[in-house]
Amino acid sequence: TSEQDITKQMQDLIKDLDMMSDGIAEATTEILRESGDIIAQSQRQAISGKSSKLAGLIKVGKIVVTKKGNANVLVGYDSNAIEQAPESVVIEFGRPGKKRGGIDKLGRKIGKMEAVPHIRKGFDMAEEKATESAIEKINKIIDKGWSK
């Protein structure tokens with residue numbers, strides 16, 4: 001009977017692990033989006049003093065899964081946002097040049113422009129908070145799975 005008990009316990013454990021893994025898989029999308037929202041808010045805050053238009057164009061995008069099975073959420077400017085505001089790229093990375101404040105024959109600003117790295121900076125400022133939030137939520141799902 002002890003072998004039967006151990007076999008039954010192992011089967012129950014495998015069943016519990018399968019249920020937990022399903023619960024984690026279902027919640028992953030929501031957790032990634034919430035973590036992406038934390039990062040997007042930080043990015044918006046980093047540029048809001050310079051441009052409210054750009055802050056409004058920062059979005060939480062689609063979730064992509066790498067070949068190794070890692071799920072990532074895209075946060076920042078999507079292609080549509082860059083088309084609407086190409087200056088977003090110039091502001092994020094800057095523009096080389098010899099001097100500042102020039103204007104070309106079409107009236108566009110040319111010359112050197114210092115970078116205001118709000119996408120990377122916003123990510124760096126919020127990465128730890130977003131990661132901790134995701135871990136906390138996954139731990140709650142795991143705890144629920146074990147307490148059944």
# chains A, B, ... in the order shown; residues from 1 in each chain; ligands from 1

call {"tool": "closest_atom_pairs", "arguments": {"of": "segment 17-67 of chain A", "to": "segment 89-98 of chain A", "cutoff": "10 Å", "atoms": "only C-alpha atoms", "output": "CSV"}}
result
residue,atom,partner,partner_atom,distance
A:Ile47,CA,A:Glu92,CA,9.4
A:Lys50,CA,A:Ile91,CA,9.5
A:Ser51,CA,A:Ile91,CA,10.0
A:Leu54,CA,A:Ile91,CA,9.8

call {"tool": "write_last_selection", "arguments": {"atoms": "N, CA, C and O atoms", "output": "short mmCIF file (atom, residue, chain, number, x, y, z; two decimals), in the first residue's frame"}}
result
data_model
loop_
_atom_site.label_atom_id
_atom_site.label_comp_id
_atom_site.auth_asym_id
_atom_site.auth_seq_id
_atom_site.Cartn_x
_atom_site.Cartn_y
_atom_site.Cartn_z
N ILE A 47 9.72 61.97 -20.85
CA ILE A 47 9.66 62.90 -21.99
C ILE A 47 8.57 63.95 -21.82
O ILE A 47 8.55 64.94 -22.56
N LYS A 50 9.32 67.65 -22.09
CA LYS A 50 9.81 68.10 -23.40
C LYS A 50 8.71 68.07 -24.46
O LYS A 50 8.65 68.93 -25.32
N SER A 51 7.83 67.03 -24.40
CA SER A 51 6.81 66.89 -25.43
C SER A 51 5.65 66.03 -24.95
O SER A 51 5.81 64.82 -24.74
N LEU A 54 4.79 63.37 -27.78
CA LEU A 54 5.57 62.13 -27.78
C LEU A 54 5.16 61.22 -26.62
O LEU A 54 5.09 60.00 -26.79
#

call {"tool": "select_by_dssp", "arguments": {"residues": "segment 37-132 of chain A", "states": "strand (DSSP E or B)", "output": "number ranges by chain"}}
result
A: 59-65, 71-76, 95, 102-103, 109-110, 113

call {"tool": "write_last_selection", "arguments": {"atoms": "C-alpha atoms", "output": "compact mmCIF listing (two decimals), in the first residue's frame"}}
result
# COMPACT_ATOMS: atom_id res chain seq x y z
CA LYS A 59 2.52 52.37 -26.13
CA VAL A 60 2.64 48.85 -24.77
CA GLY A 61 2.78 46.70 -27.89
CA LYS A 62 2.50 43.06 -28.73
CA ILE A 63 4.04 40.18 -26.85
CA VAL A 64 6.74 38.27 -28.68
CA VAL A 65 8.17 34.88 -27.78
CA ALA A 71 8.14 36.09 -23.62
CA ASN A 72 8.77 39.83 -24.00
CA VAL A 73 6.45 42.78 -24.34
CA LEU A 74 7.38 45.62 -26.68
CA VAL A 75 7.17 49.07 -25.10
CA GLY A 76 7.91 52.45 -26.65
CA ARG A 95 21.63 64.22 -34.24
CA GLY A 102 20.91 75.83 -38.41
CA ILE A 103 17.99 75.86 -40.84
CA LYS A 109 16.07 72.61 -38.32
CA ILE A 110 19.46 71.11 -39.05
CA MET A 113 21.00 68.13 -31.41

call {"tool": "atom_distance", "arguments": {"atom1": "atom CA of Ser52 of chain A", "atom2": "atom CA of Thr29 of chain A"}}
result
28.4 Å

call {"tool": "select_by_dssp", "arguments": {"residues": "chain A", "states": "helix (DSSP H, G or I)", "output": "count of residues only"}}
result
96
